[in-house]
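Structure file data-v8.cif; described as mmCIF, C-alpha atoms and all ligand atoms.
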data_my_file
#
loop_
_atom_site.label_atom_id
_atom_site.label_comp_id
_atom_site.auth_asym_id
_atom_site.auth_seq_id
_atom_site.Cartn_x
_atom_site.Cartn_y
_atom_site.Cartn_z
CA MET F 248 148.68 240.31 107.54
CA ASP F 249 151.96 242.20 107.46
CA GLU F 250 152.64 243.09 111.13
CA VAL F 251 153.39 246.67 110.16
CA GLU F 252 149.70 247.04 109.37
CA ARG F 253 148.87 246.65 113.08
CA LEU F 254 151.39 249.26 114.20
CA PRO F 255 149.64 251.99 116.23
CA TRP F 256 149.07 255.02 113.99
CA THR F 257 151.01 257.28 116.37
CA SER F 258 154.06 255.07 115.83
CA GLN F 259 153.49 255.07 112.07
CA ARG F 260 153.30 258.84 112.18
CA GLU F 261 156.72 259.04 113.88
CA LEU F 262 158.23 256.80 111.22
CA ASP F 263 156.54 258.82 108.49
CA ASP F 264 157.83 262.06 109.95
CA ALA F 265 161.40 260.79 109.69
CA SER F 266 160.76 259.54 106.13
CA PHE F 267 159.22 262.85 105.17
CA ARG F 268 162.16 264.87 106.45
CA TYR F 269 164.50 262.67 104.44
CA GLN F 270 162.25 262.88 101.36
CA LEU F 271 162.12 266.66 101.55
CA ALA F 272 165.92 266.93 101.83
CA TYR F 273 166.16 264.54 98.87
CA LEU F 274 163.82 266.72 96.79
CA LEU F 275 165.79 269.86 97.60
CA ALA F 276 169.01 268.11 96.62
CA HIS F 277 167.81 266.43 93.41
CA SER F 278 164.68 268.09 91.99
CA PRO F 279 165.04 271.44 90.19
CA PHE F 280 161.24 271.72 90.17
CA TYR F 281 160.87 271.46 93.93
CA ARG F 282 163.99 273.52 94.66
CA GLY F 283 162.26 276.36 92.88
CA LYS F 284 158.85 275.70 94.33
CA LEU F 285 160.09 275.47 97.93
CA ALA F 286 162.34 278.53 97.80
CA GLY F 287 161.43 280.82 100.69
CA HIS F 288 159.48 278.13 102.56
CA ASP F 289 160.55 276.73 105.92
CA THR F 290 161.18 273.06 105.21
CA THR F 291 162.38 272.08 108.68
CA GLY F 292 159.08 271.42 110.43
CA GLY F 293 158.42 267.81 109.41
CA LEU F 294 154.92 266.47 108.92
CA ASP F 295 153.47 268.79 111.58
CA THR F 296 153.96 271.75 109.25
CA ILE F 297 153.47 270.05 105.87
CA ALA F 298 150.33 272.15 105.30
CA THR F 299 152.51 275.29 105.13
CA LEU F 300 154.23 273.92 102.01
CA PRO F 301 152.80 274.52 98.53
CA LEU F 302 150.44 272.08 96.83
CA THR F 303 151.50 270.42 93.57
CA GLU F 304 149.13 270.58 90.60
CA LYS F 305 149.27 268.13 87.73
CA SER F 306 149.43 271.04 85.28
CA GLU F 307 152.61 272.37 86.91
CA LEU F 308 154.36 269.05 86.38
CA LYS F 309 153.27 268.92 82.74
CA ALA F 310 154.46 272.46 82.15
CA THR F 311 158.05 271.41 82.87
CA CYS F 312 158.05 268.51 80.41
CA SER F 313 160.05 269.07 77.22
CA ASP F 314 161.48 267.11 74.32
CA GLU F 315 164.76 266.93 76.22
CA ASN F 316 163.06 265.90 79.47
CA PRO F 317 159.79 264.00 78.88
CA PHE F 318 159.46 263.29 82.63
CA GLY F 319 159.53 266.91 83.75
CA ASP F 320 161.76 268.93 86.03
CA HIS F 321 160.90 266.95 89.14
CA LEU F 322 162.88 263.92 87.91
CA CYS F 323 165.47 263.23 90.61
CA VAL F 324 167.59 260.39 89.22
CA ALA F 325 169.89 259.67 86.28
CA PRO F 326 168.20 257.91 83.33
CA ASP F 327 170.11 254.68 83.92
CA GLU F 328 168.52 254.31 87.38
CA LEU F 329 165.05 253.93 85.87
CA VAL F 330 163.73 250.39 85.55
CA ARG F 331 160.21 251.06 84.27
CA VAL F 332 158.14 253.87 82.79
CA TYR F 333 154.34 253.84 82.97
CA SER F 334 151.87 256.25 81.41
CA THR F 335 148.82 257.79 82.98
CA SER F 336 145.76 256.97 80.94
CA GLY F 337 145.27 260.61 79.98
CA THR F 338 141.60 260.95 80.87
CA THR F 339 142.22 264.66 81.31
CA GLY F 340 144.50 265.62 78.45
CA THR F 341 147.67 264.08 77.08
CA PRO F 342 149.31 261.20 78.98
CA SER F 343 152.14 261.74 81.44
CA PHE F 344 155.11 259.43 81.84
CA ILE F 345 155.69 258.01 85.31
CA PRO F 346 159.30 256.85 85.81
CA LEU F 347 160.30 254.38 88.52
CA THR F 348 163.50 253.14 90.10
CA ALA F 349 163.78 249.53 91.28
CA SER F 350 162.94 250.55 94.87
CA ASP F 351 159.98 252.65 93.69
CA LEU F 352 158.57 249.66 91.84
CA ASP F 353 159.14 247.39 94.81
CA ASN F 354 157.31 249.84 97.09
CA TRP F 355 154.42 250.03 94.67
CA VAL F 356 154.05 246.27 94.68
CA THR F 357 154.28 246.21 98.49
CA GLY F 358 151.47 248.73 98.89
CA SER F 359 149.27 247.06 96.26
CA ALA F 360 149.81 243.61 97.71
CA ARG F 361 148.66 244.87 101.12
CA SER F 362 145.59 246.49 99.56
CA TYR F 363 144.51 243.34 97.73
CA ALA F 364 145.35 241.07 100.65
CA ALA F 365 143.14 243.28 102.84
CA SER F 366 140.24 242.28 100.60
CA GLY F 367 140.84 238.66 101.48
CA LEU F 368 143.00 237.43 98.61
CA GLY F 369 145.56 234.86 99.70
CA ALA F 370 148.03 232.30 98.37
CA GLY F 371 146.23 229.58 96.44
CA ASP F 372 143.29 231.72 95.36
CA ARG F 373 142.54 231.85 91.65
CA VAL F 374 141.92 235.43 90.45
CA VAL F 375 140.63 236.59 87.07
CA THR F 376 141.55 240.19 86.18
CA THR F 377 140.08 242.32 83.41
CA TYR F 378 142.40 245.31 83.24
CA ASN F 379 144.10 246.08 79.94
CA ALA F 380 146.77 247.52 82.16
CA GLY F 381 149.82 247.16 79.89
CA PRO F 382 151.26 250.68 79.72
CA PHE F 383 149.31 252.01 82.67
CA VAL F 384 150.16 252.33 86.32
CA ALA F 385 147.62 249.63 87.20
CA GLY F 386 150.01 247.20 85.51
CA ALA F 387 152.22 247.31 88.59
CA ALA F 388 149.24 246.23 90.67
CA LEU F 389 149.22 243.01 88.70
CA ASP F 390 152.71 242.28 90.10
CA ALA F 391 151.03 242.42 93.49
CA PHE F 392 149.07 239.27 92.69
CA SER F 393 152.34 237.40 92.24
CA ARG F 394 153.58 238.83 95.53
CA ILE F 395 150.48 237.55 97.33
CA GLY F 396 150.85 234.16 95.67
CA VAL F 397 147.47 233.88 93.92
CA CYS F 398 147.01 232.11 90.60
CA HIS F 399 146.46 235.08 88.31
CA VAL F 400 144.35 234.71 85.15
CA PRO F 401 144.64 237.91 83.09
CA ILE F 402 141.70 238.14 80.67
CA GLY F 403 141.53 241.84 79.89
CA THR F 404 138.55 243.62 78.41
CA GLY F 405 137.11 243.40 74.93
CA SER F 406 135.37 240.04 75.13
CA SER F 407 132.78 239.43 77.78
CA GLU F 408 132.19 235.96 76.31
CA ARG F 409 135.81 235.03 76.94
CA LEU F 410 135.56 236.38 80.47
CA LEU F 411 132.38 234.44 81.25
CA LEU F 412 133.97 231.33 79.75
CA ALA F 413 137.03 231.76 81.99
CA ILE F 414 134.78 232.17 85.03
CA ASP F 415 132.86 229.03 84.06
CA LYS F 416 135.80 226.79 83.11
CA LEU F 417 138.53 227.98 85.46
CA ARG F 418 136.30 228.35 88.51
CA PRO F 419 138.07 231.41 90.04
CA ASP F 420 137.62 232.50 93.64
CA ALA F 421 137.74 236.18 92.75
CA VAL F 422 137.45 238.64 89.87
CA VAL F 423 138.97 242.11 89.57
CA LEU F 424 137.16 244.66 87.39
CA THR F 425 135.54 248.08 87.31
CA PRO F 426 132.20 248.43 89.13
CA SER F 427 130.58 249.37 85.78
CA TYR F 428 131.74 246.10 84.25
CA ALA F 429 130.71 244.10 87.31
CA GLU F 430 127.24 245.57 86.86
CA TYR F 431 127.13 244.96 83.11
CA LEU F 432 128.13 241.30 83.43
CA LEU F 433 125.05 240.68 85.58
CA GLU F 434 123.01 241.23 82.41
CA LEU F 435 125.00 238.66 80.45
CA GLY F 436 125.10 235.62 82.68
CA ASP F 437 123.99 233.92 85.89
CA LEU F 438 126.90 234.76 88.13
CA ARG F 439 125.30 233.73 91.41
CA SER F 440 125.92 230.13 90.42
CA SER F 441 129.60 230.80 89.64
CA THR F 442 132.49 229.99 91.99
CA VAL F 443 133.29 233.69 92.45
CA ARG F 444 132.99 234.71 96.10
CA ARG F 445 134.96 237.95 95.98
CA VAL F 446 134.44 240.77 93.52
CA LEU F 447 137.21 243.38 93.74
CA VAL F 448 136.31 246.63 92.04
CA ALA F 449 138.53 249.59 91.15
CA GLY F 450 139.09 252.22 88.50
CA GLU F 451 136.14 254.52 89.22
CA PRO F 452 134.05 255.62 92.22
CA GLY F 453 130.84 253.85 93.17
CA GLY F 454 131.76 250.35 94.29
CA GLY F 455 131.44 251.41 97.91
CA GLU F 456 128.06 253.12 97.70
CA PRO F 457 125.60 251.03 99.73
CA ALA F 458 122.76 250.65 97.20
CA PHE F 459 125.04 250.05 94.22
CA ARG F 460 127.17 247.62 96.23
CA ALA F 461 124.07 245.75 97.42
CA LYS F 462 123.02 245.30 93.80
CA LEU F 463 126.43 243.90 92.84
CA GLN F 464 126.63 241.63 95.87
CA ALA F 465 123.15 240.22 95.30
CA GLY F 466 123.80 239.67 91.60
CA TRP F 467 127.15 237.99 92.03
CA GLY F 468 126.37 236.20 95.28
CA ALA F 469 129.76 237.53 96.41
CA SER F 470 131.29 240.16 98.64
CA VAL F 471 132.30 243.39 96.91
CA THR F 472 135.33 245.38 98.06
CA GLU F 473 137.09 248.35 96.54
CA ALA F 474 140.66 249.30 95.75
CA MET F 475 141.96 252.63 94.49
CA GLY F 476 145.19 254.06 93.15
CA ILE F 477 146.27 257.45 91.82
CA GLY F 478 148.21 257.35 88.54
CA ASP F 479 150.91 259.82 89.52
CA ILE F 480 151.39 258.41 93.02
CA GLY F 481 150.94 254.65 92.79
CA PRO F 482 148.54 251.78 91.98
CA SER F 483 146.09 250.33 94.48
CA LEU F 484 147.27 252.59 97.28
CA PHE F 485 144.05 251.84 99.13
CA GLY F 486 142.28 248.52 99.63
CA GLU F 487 139.12 247.68 101.51
CA CYS F 488 139.14 244.95 104.14
CA GLU F 489 136.44 242.36 104.71
CA GLN F 490 134.65 244.69 107.16
CA GLN F 491 133.65 246.69 104.02
CA LEU F 492 133.87 250.02 105.84
CA GLY F 493 136.16 251.91 103.47
CA MET F 494 139.58 251.36 101.93
CA HIS F 495 142.61 251.17 104.24
CA LEU F 496 145.77 252.95 103.18
CA GLY F 497 147.80 249.93 101.99
CA ALA F 498 150.71 252.19 101.04
CA ARG F 499 151.19 253.26 104.68
CA GLY F 500 154.76 254.28 105.32
CA LEU F 501 155.17 255.01 101.61
CA VAL F 502 152.56 257.72 101.09
CA HIS F 503 151.24 260.44 103.44
CA ILE F 504 147.60 261.49 103.17
CA GLU F 505 146.01 264.89 103.79
CA LEU F 506 142.64 266.46 103.16
CA ILE F 507 142.10 269.98 101.86
CA ASP F 508 139.17 272.23 101.13
CA PRO F 509 138.91 271.81 97.34
CA ASP F 510 137.94 275.46 96.84
CA THR F 511 140.47 277.24 99.06
CA GLY F 512 143.23 274.62 99.33
CA ALA F 513 143.18 275.01 103.14
CA ALA F 514 144.14 271.92 105.13
CA ARG F 515 141.38 269.98 106.89
CA GLU F 516 141.90 267.86 109.98
CA LEU F 517 142.06 264.12 109.30
CA SER F 518 139.36 263.31 111.81
CA ASP F 519 136.85 260.46 111.71
CA GLY F 520 134.20 261.24 109.07
CA ALA F 521 136.08 264.19 107.57
CA THR F 522 135.60 264.97 103.89
CA GLY F 523 137.64 266.89 101.36
CA GLU F 524 140.00 266.58 98.43
CA LEU F 525 142.67 263.94 98.86
CA VAL F 526 146.26 265.24 98.81
CA LEU F 527 149.13 262.74 98.70
CA THR F 528 152.86 263.00 99.40
CA HIS F 529 155.45 260.35 98.58
CA LEU F 530 157.54 259.40 101.60
CA ARG F 531 160.12 257.02 100.16
CA HIS F 532 160.08 257.65 96.43
CA ARG F 533 163.20 258.17 94.31
CA ALA F 534 162.56 258.73 90.59
CA ALA F 535 159.97 261.52 90.59
CA PRO F 536 158.56 261.98 94.10
CA LEU F 537 155.58 264.27 94.55
CA LEU F 538 154.90 266.66 97.42
CA ARG F 539 151.31 267.51 98.38
CA PHE F 540 149.90 266.32 95.06
CA ARG F 541 146.28 267.33 94.41
CA THR F 542 144.44 264.17 93.34
CA ARG F 543 141.13 265.91 92.43
CA ASP F 544 139.39 263.05 94.25
CA HIS F 545 136.80 263.99 96.84
CA VAL F 546 136.86 261.49 99.69
CA ARG F 547 135.54 260.68 103.13
CA ILE F 548 138.00 259.48 105.78
CA TRP F 549 137.52 257.26 108.84
CA THR F 550 140.14 257.00 111.53
CA GLU F 551 138.38 254.96 114.21
CA PRO F 552 139.84 251.44 114.82
CA CYS F 553 138.75 248.74 112.38
CA ALA F 554 137.80 245.24 113.54
CA CYS F 555 140.26 243.71 111.04
CA GLY F 556 143.19 245.00 113.11
CA ARG F 557 144.63 247.28 110.46
CA THR F 558 145.38 250.67 111.97
CA ALA F 559 145.64 252.67 108.73
CA PRO F 560 142.86 255.20 108.11
CA ARG F 561 140.06 254.22 105.74
CA MET F 562 138.72 256.17 102.80
CA ARG F 563 135.91 256.17 100.28
CA CYS F 564 135.95 258.20 97.08
CA VAL F 565 132.80 260.27 96.59
CA GLY F 566 133.72 261.54 93.13
CA ARG F 567 136.26 263.43 91.08
CA THR F 568 136.46 267.20 90.62
CA ASP F 569 136.48 266.54 86.87
CA ASP F 570 133.03 264.92 87.05
CA MET F 571 131.50 267.42 89.47
CA LEU F 572 128.72 269.80 88.50
CA ILE F 573 127.67 272.84 90.49
CA VAL F 574 123.94 273.47 90.40
CA ARG F 575 123.12 276.83 91.93
CA GLY F 576 126.04 276.60 94.34
CA VAL F 577 125.54 272.95 95.27
CA ASN F 578 128.25 270.40 94.36
CA VAL F 579 126.73 267.40 92.58
CA PHE F 580 128.71 264.22 91.93
CA PRO F 581 127.23 261.89 89.29
CA ALA F 582 128.00 258.81 91.41
CA ALA F 583 126.01 260.33 94.28
CA VAL F 584 123.02 260.81 91.99
CA ARG F 585 123.28 257.19 90.87
CA GLU F 586 123.41 256.09 94.50
CA VAL F 587 120.17 257.93 95.34
CA VAL F 588 118.43 256.60 92.21
CA SER F 589 119.64 253.05 92.94
CA GLY F 590 117.64 253.26 96.15
CA PHE F 591 114.54 252.83 93.93
CA THR F 592 115.65 249.36 92.78
CA PRO F 593 113.85 247.18 91.58
CA ASP F 594 111.71 249.93 90.04
CA VAL F 595 114.81 251.27 88.24
CA SER F 596 117.73 249.48 86.51
CA GLY F 597 120.27 251.52 88.48
CA ARG F 598 121.72 253.12 85.34
CA ILE F 599 121.61 256.89 85.04
CA VAL F 600 123.08 259.65 82.92
CA LEU F 601 123.29 263.34 83.78
CA ARG F 602 122.78 265.62 80.77
CA PRO F 603 124.04 269.10 81.70
CA THR F 604 122.62 271.78 79.41
CA ALA F 605 125.25 274.48 79.90
CA PRO F 606 128.92 274.06 78.98
CA GLY F 607 131.31 273.84 81.91
CA VAL F 608 130.73 273.01 85.55
CA LYS F 609 128.06 275.51 86.61
CA GLN F 610 124.48 274.58 85.76
CA GLU F 611 121.12 276.20 86.25
CA PRO F 612 118.39 274.00 87.73
CA PRO F 613 116.70 271.77 86.92
CA LEU F 614 119.57 269.36 86.09
CA PRO F 615 118.34 266.78 83.53
CA VAL F 616 118.75 263.20 84.81
CA THR F 617 117.93 260.22 82.59
CA VAL F 618 116.95 257.14 84.60
CA GLU F 619 116.74 253.70 83.02
CA LEU F 620 113.88 251.36 83.92
CA PRO F 621 114.22 247.60 84.50
CA PRO F 622 113.24 245.11 81.77
CA GLU F 623 109.61 245.34 80.63
CA ALA F 624 108.76 248.35 82.82
CA THR F 625 106.99 251.37 81.35
CA PRO F 626 107.52 254.96 82.48
CA ASP F 627 105.39 256.01 85.44
CA PRO F 628 105.20 259.76 86.20
CA ALA F 629 104.75 259.02 89.91
CA LEU F 630 108.12 257.23 89.95
CA ALA F 631 109.83 260.18 88.24
CA ASP F 632 108.27 262.49 90.83
CA ALA F 633 109.46 260.31 93.70
CA ILE F 634 113.02 260.19 92.34
CA ARG F 635 113.05 263.95 91.83
CA ALA F 636 111.81 264.50 95.39
CA ARG F 637 114.42 262.21 96.91
CA LEU F 638 117.26 263.80 94.90
CA ARG F 639 116.07 267.17 96.20
CA ASP F 640 115.92 265.92 99.80
CA VAL F 641 119.24 264.04 99.83
CA LEU F 642 121.45 266.07 97.50
CA VAL F 643 119.64 269.42 97.67
CA VAL F 644 119.49 269.63 93.90
CA GLN F 645 116.57 270.36 91.57
CA THR F 646 116.41 267.86 88.72
CA ALA F 647 114.25 267.00 85.72
CA VAL F 648 113.91 263.23 85.71
CA GLU F 649 113.29 261.41 82.44
CA LEU F 650 112.52 257.68 82.59
CA VAL F 651 113.74 255.61 79.63
CA PRO F 652 113.22 251.92 78.77
CA TRP F 653 115.62 249.13 79.68
CA GLY F 654 118.62 249.00 77.36
CA SER F 655 118.53 252.71 76.45
CA LEU F 656 121.74 253.65 78.28
CA GLN F 657 125.18 252.54 77.24
CA ARG F 658 126.92 249.48 78.79
CA SER F 659 130.69 249.34 79.25
CA ASP F 660 133.35 246.72 79.90
CA TYR F 661 135.53 249.46 81.36
CA LYS F 662 134.49 252.72 82.99
CA SER F 663 131.04 254.13 82.33
CA SER F 664 130.45 257.81 81.83
CA LEU F 665 127.65 259.15 84.00
CA VAL F 666 127.66 262.52 82.26
CA GLU F 667 126.72 263.15 78.63
CA ARG F 668 126.92 266.58 77.07
CA GLY F 669 125.56 267.96 73.84
CA ARG F 670 122.04 266.66 74.30
CA THR F 671 119.25 268.21 76.28
CA SER F 672 116.50 265.57 75.82
ZN ZN M 1 139.71 246.89 108.28
#
Take the structure in this file and express it as structure tokens.
Amino acid sequence: MDEVERLPWTSQRELDDASFRYQLAYLLAHSPFYRGKLAGHDTTGGLDTIATLPLTEKSELKATCSDENPFGDHLCVAPDELVRVYSTSGTTGTPSFIPLTASDLDNWVTGSARSYAASGLGAGDRVVTTYNAGPFVAGAALDAFSRIGVCHVPIGTGSSERLLLAIDKLRPDAVVLTPSYAEYLLELGDLRSSTVRRVLVAGEPGGGEPAFRAKLQAGWGASVTEAMGIGDIGPSLFGECEQQLGMHLGARGLVHIELIDPDTGAARELSDGATGELVLTHLRHRAAPLLRFRTRDHVRIWTEPCACGRTAPRMRCVGRTDDMLIVRGVNVFPAAVREVVSGFTPDVSGRIVLRPTAPGVKQEPPLPVTVELPPEATPDPALADAIRARLRDVLVVQTAVELVPWGSLQRSDYKSSLVERGRTS
């Protein structure tokens, strides 16, 4: 482990405060976007007063992009200082371009390498990856495997047969994939007998939910740990250690984390167990640094010491604002519904789909939930009743549970959608 990862958090905070002050002065000097946005704000208070500064929304950045400046008005460097340009995958609208200087790219690889090393990857390990990461920010995470010194076998998505063949013939120690794909592969082959002892999941929430994780771990005969990045900020910023108690901030010293109330934007204390929307600030970025960027990810934070020795706070993503439904005032995340339903394994397959009846976020109860049964099971009204009762007790939401046969819901070798609109079944 990099010794900096054991540095007491109070010492890290002092270093980050100095980095932040420098970053803020840099933004004011080089970014027309932030010069305008910060006009009239006191920018002298360091990290202690960061919550008095305005939040940055993705839409604001996009609004400043033009044919002349495809990166937006927050670009801080001359074009010839850029060494790479990634795209965000554009899950919510058109893609954005993410420019990097050489030092930005190096910092990204540093943070990612720490995150993956936290999960137990080390020099000499053989690792199969399944990301078609080419133009996307996750591509930089692949550089992290070289930094760690593993033997990297990029397989990509699109052919599960090729992936299973690689696992069989090349005998990897670890695989990297989305939790949806890790689940799907369990239907295609006997993975318990494979050499894989570490399954590293990323790309969507869910890999850290206890029931879903237990299913993956049992099926693969391997430990499951999570990693998570944010397209506009960096890849694999967070990585879970072998204690499996949330993802440590691997990008410590490079990125500052905050929590806010997602409805009011008010800052929330970063105390052990706190929840809220994750807000991230670059500390040492050069090309297009972001200040208080709203990630739209709802997370839980832990700050108590971890047995692995890493002092960085830990985090688990509960869900994204974009996926959230509000049923009579109650926030419902699809991944949380899946987690409750997975508690009925082996009487359910673990696959679910929410089918909201109204357009938009707000829904009237009951919320239709389709639950897939395991192979050869037939629908039992008592099971549907039990699932409905537990969803009501745990998530405080009224649902209408429909049980469907094995194989009814879609499988994916990338991310799986837990929400389907346009049908009311
Ligand atoms: Zn740890």
Next on the checklist: For a quick check of understanding, using all atoms listed in the file, which of F:Ser393, F:Ser313, F:Thr550, F:Ser278 has the smallest distance to ligand ZN 1 (chain M)?
Outcome noted: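 Going through F:Ser393, F:Ser313, F:Thr550, F:Ser278 one by one, the smallest distance to ligand ZN 1 (chain M) is for F:Thr550.
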Next on the checklist: Could you list, as a list in words, all protein and nucleic acid residues with an atom at most 9 Å from ligand ZN 1 (chain M), counting all atoms listed in the file?
Outcome noted: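 I would give the residues around ligand ZN 1 (chain M) as Ala365, Ser366, Glu487, Cys488, Glu489, Gln490, Gln491, Leu492, Gly493, Met494, His495, Pro552, Cys553, Ala554, Cys555, Gly556, Arg557, Thr558, Ala559, Pro560 and Arg561 of chain F.
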Checklist entry - Distance atom CA of F:Ala385-atom CA of F:His529, one decimal place? => result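 Computed distance, atom CA of F:Ala385 to atom CA of F:His529, equals 17.5 Å.
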Item to check | Atom pair atom CA of F:Gly500 / atom CA of F:Gly450: separation (Å) | outcome: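 Atom-to-atom, atom CA of F:Gly500 to atom CA of F:Gly450, that is 23.1 Å.
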Item to check | Minimum-distance residue to F:Tyr363, chosen among F:Gly478, F:Val443, F:Ala498, F:Glu328 (using all atoms listed in the file) | outcome: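 Looking at the shortest contact to F:Tyr363, the residue is F:Ala498.
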Checklist entry - Neighbours of F:Tyr333 within 12 Å (all atoms listed in the file; same-chain residues fewer than 4 positions away dropped), as a PyMOL selection string? => result chain F and resi 318+329+337+342-348+352+380-388+478-482
Next on the checklist: Calculated over all atoms listed in the file, which of the candidates F:Arg361, F:Arg373, F:Lys416, F:Arg602 has the smallest distance to F:Pro401?
Outcome noted: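 Nearest candidate to F:Pro401 out of F:Arg361, F:Arg373, F:Lys416, F:Arg602: F:Arg373.
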Next on the checklist: I'd like the interatomic distance between atom CA of F:Ser427 and atom CA of F:Ala449, to a tenth of an Å.
Outcome noted: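 Separating atom CA of F:Ser427 from atom CA of F:Ala449 is a distance of 9.6 Å.
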Item to check | From F:Arg658, F:Thr528, F:Ile548, F:Lys305, residue lying nearest F:Thr335 [all atoms listed in the file] | outcome: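 Ranking F:Arg658, F:Thr528, F:Ile548, F:Lys305 by distance to F:Thr335, first place goes to F:Lys305.
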Item to check | Closest of F:Pro628, F:Gly369, F:Gly358, F:Gly405 to F:Met475 - atom-to-atom distances counting only C-alpha atoms | outcome: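 Smallest separation from F:Met475 among the options: F:Gly358.
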Checklist entry - Which of these residues is nearest to F:Thr442, using only C-alpha atoms: F:Arg418, F:Thr341, F:Arg331, F:Arg460? => result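 Distance minimum relative to F:Thr442 lands on F:Arg418.
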Next on the checklist: Is it possible to get the residues within 10 Å of (131.7, 248.5, 78.6) (coordinates as in the file, counting only C-alpha atoms) written as a list in words?
Outcome noted: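 Applying the cut-off with only C-alpha atoms, one gets Thr404, Gly405, Ser406, Ser407, Thr425, Ser427, Tyr428, Ala429, Glu430, Tyr431, Leu432, Gln657, Arg658, Ser659, Asp660, Tyr661, Lys662, Ser663 and Ser664 of chain F.
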Those selected residues, please, written with C-alpha atoms and delivered as a short mmCIF file (atom, residue, chain, number, x, y, z; two decimals), in the coordinates of the input.
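Output contents, as saved in result-v2.cif:
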data_model
loop_
_atom_site.label_atom_id
_atom_site.label_comp_id
_atom_site.auth_asym_id
_atom_site.auth_seq_id
_atom_site.Cartn_x
_atom_site.Cartn_y
_atom_site.Cartn_z
CA THR F 404 138.55 243.62 78.41
CA GLY F 405 137.11 243.40 74.93
CA SER F 406 135.37 240.04 75.13
CA SER F 407 132.78 239.43 77.78
CA THR F 425 135.54 248.08 87.31
CA SER F 427 130.58 249.37 85.78
CA TYR F 428 131.74 246.10 84.25
CA ALA F 429 130.71 244.10 87.31
CA GLU F 430 127.24 245.57 86.86
CA TYR F 431 127.13 244.96 83.11
CA LEU F 432 128.13 241.30 83.43
CA GLN F 657 125.18 252.54 77.24
CA ARG F 658 126.92 249.48 78.79
CA SER F 659 130.69 249.34 79.25
CA ASP F 660 133.35 246.72 79.90
CA TYR F 661 135.53 249.46 81.36
CA LYS F 662 134.49 252.72 82.99
CA SER F 663 131.04 254.13 82.33
CA SER F 664 130.45 257.81 81.83
#
Item to check | Spatial neighbours of F:Leu274, max dist 9 Å, all atoms listed in the file, sep filter under 5 positions, as a list in words | outcome: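 Once the adjacent positions are removed, what remains is Tyr269, Pro279, Phe280, Tyr281, Arg282, His321, Cys323, Arg533, Ala535, Pro536, Leu537 and Leu538 of chain F.
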Next on the checklist: What's around F:Trp467 at 9 Å? Count only C-alpha atoms, leave out sequence neighbours fewer than 6 positions away in its own chain, and write the answer as a PyMOL selection string.
Outcome noted: chain F and resi 429+433+437-441+443-446
Output for the residues just chosen: C-alpha atoms as a PDB file, keeping the file's coordinate frame:
ATOM      1  CA  ALA F 429     130.710 244.100  87.310  1.00  0.00           C
ATOM      2  CA  LEU F 433     125.050 240.680  85.580  1.00  0.00           C
ATOM      3  CA  ASP F 437     123.990 233.920  85.890  1.00  0.00           C
ATOM      4  CA  LEU F 438     126.900 234.760  88.130  1.00  0.00           C
ATOM      5  CA  ARG F 439     125.300 233.730  91.410  1.00  0.00           C
ATOM      6  CA  SER F 440     125.920 230.130  90.420  1.00  0.00           C
ATOM      7  CA  SER F 441     129.600 230.800  89.640  1.00  0.00           C
ATOM      8  CA  VAL F 443     133.290 233.690  92.450  1.00  0.00           C
ATOM      9  CA  ARG F 444     132.990 234.710  96.100  1.00  0.00           C
ATOM     10  CA  ARG F 445     134.960 237.950  95.980  1.00  0.00           C
ATOM     11  CA  VAL F 446     134.440 240.770  93.520  1.00  0.00           C
TER      12      VAL F 446
END
Could you work out an axis-aligned bounding box for all listed atoms of stretch 499-506 of chain F, with 6 Å added on each of the six sides, and give its centre and edge lengths in Å to one decimal, as JSON?
{"center_x": 148.9, "center_y": 259.9, "center_z": 103.2, "size_x": 24.5, "size_y": 25.2, "size_z": 16.2}
Item to check | Residue neighbourhood F:Lys609, 12 Å, only C-alpha atoms, exclusion window fewer than 4 positions, as a list of chain:residue names | outcome: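 After dropping sequence-adjacent residues, the list is F:Asp570, F:Met571, F:Leu572, F:Ile573, F:Val574, F:Arg575, F:Gly576, F:Val577, F:Asn578, F:Val579, F:Pro603, F:Thr604, F:Ala605, F:Pro613, F:Leu614.
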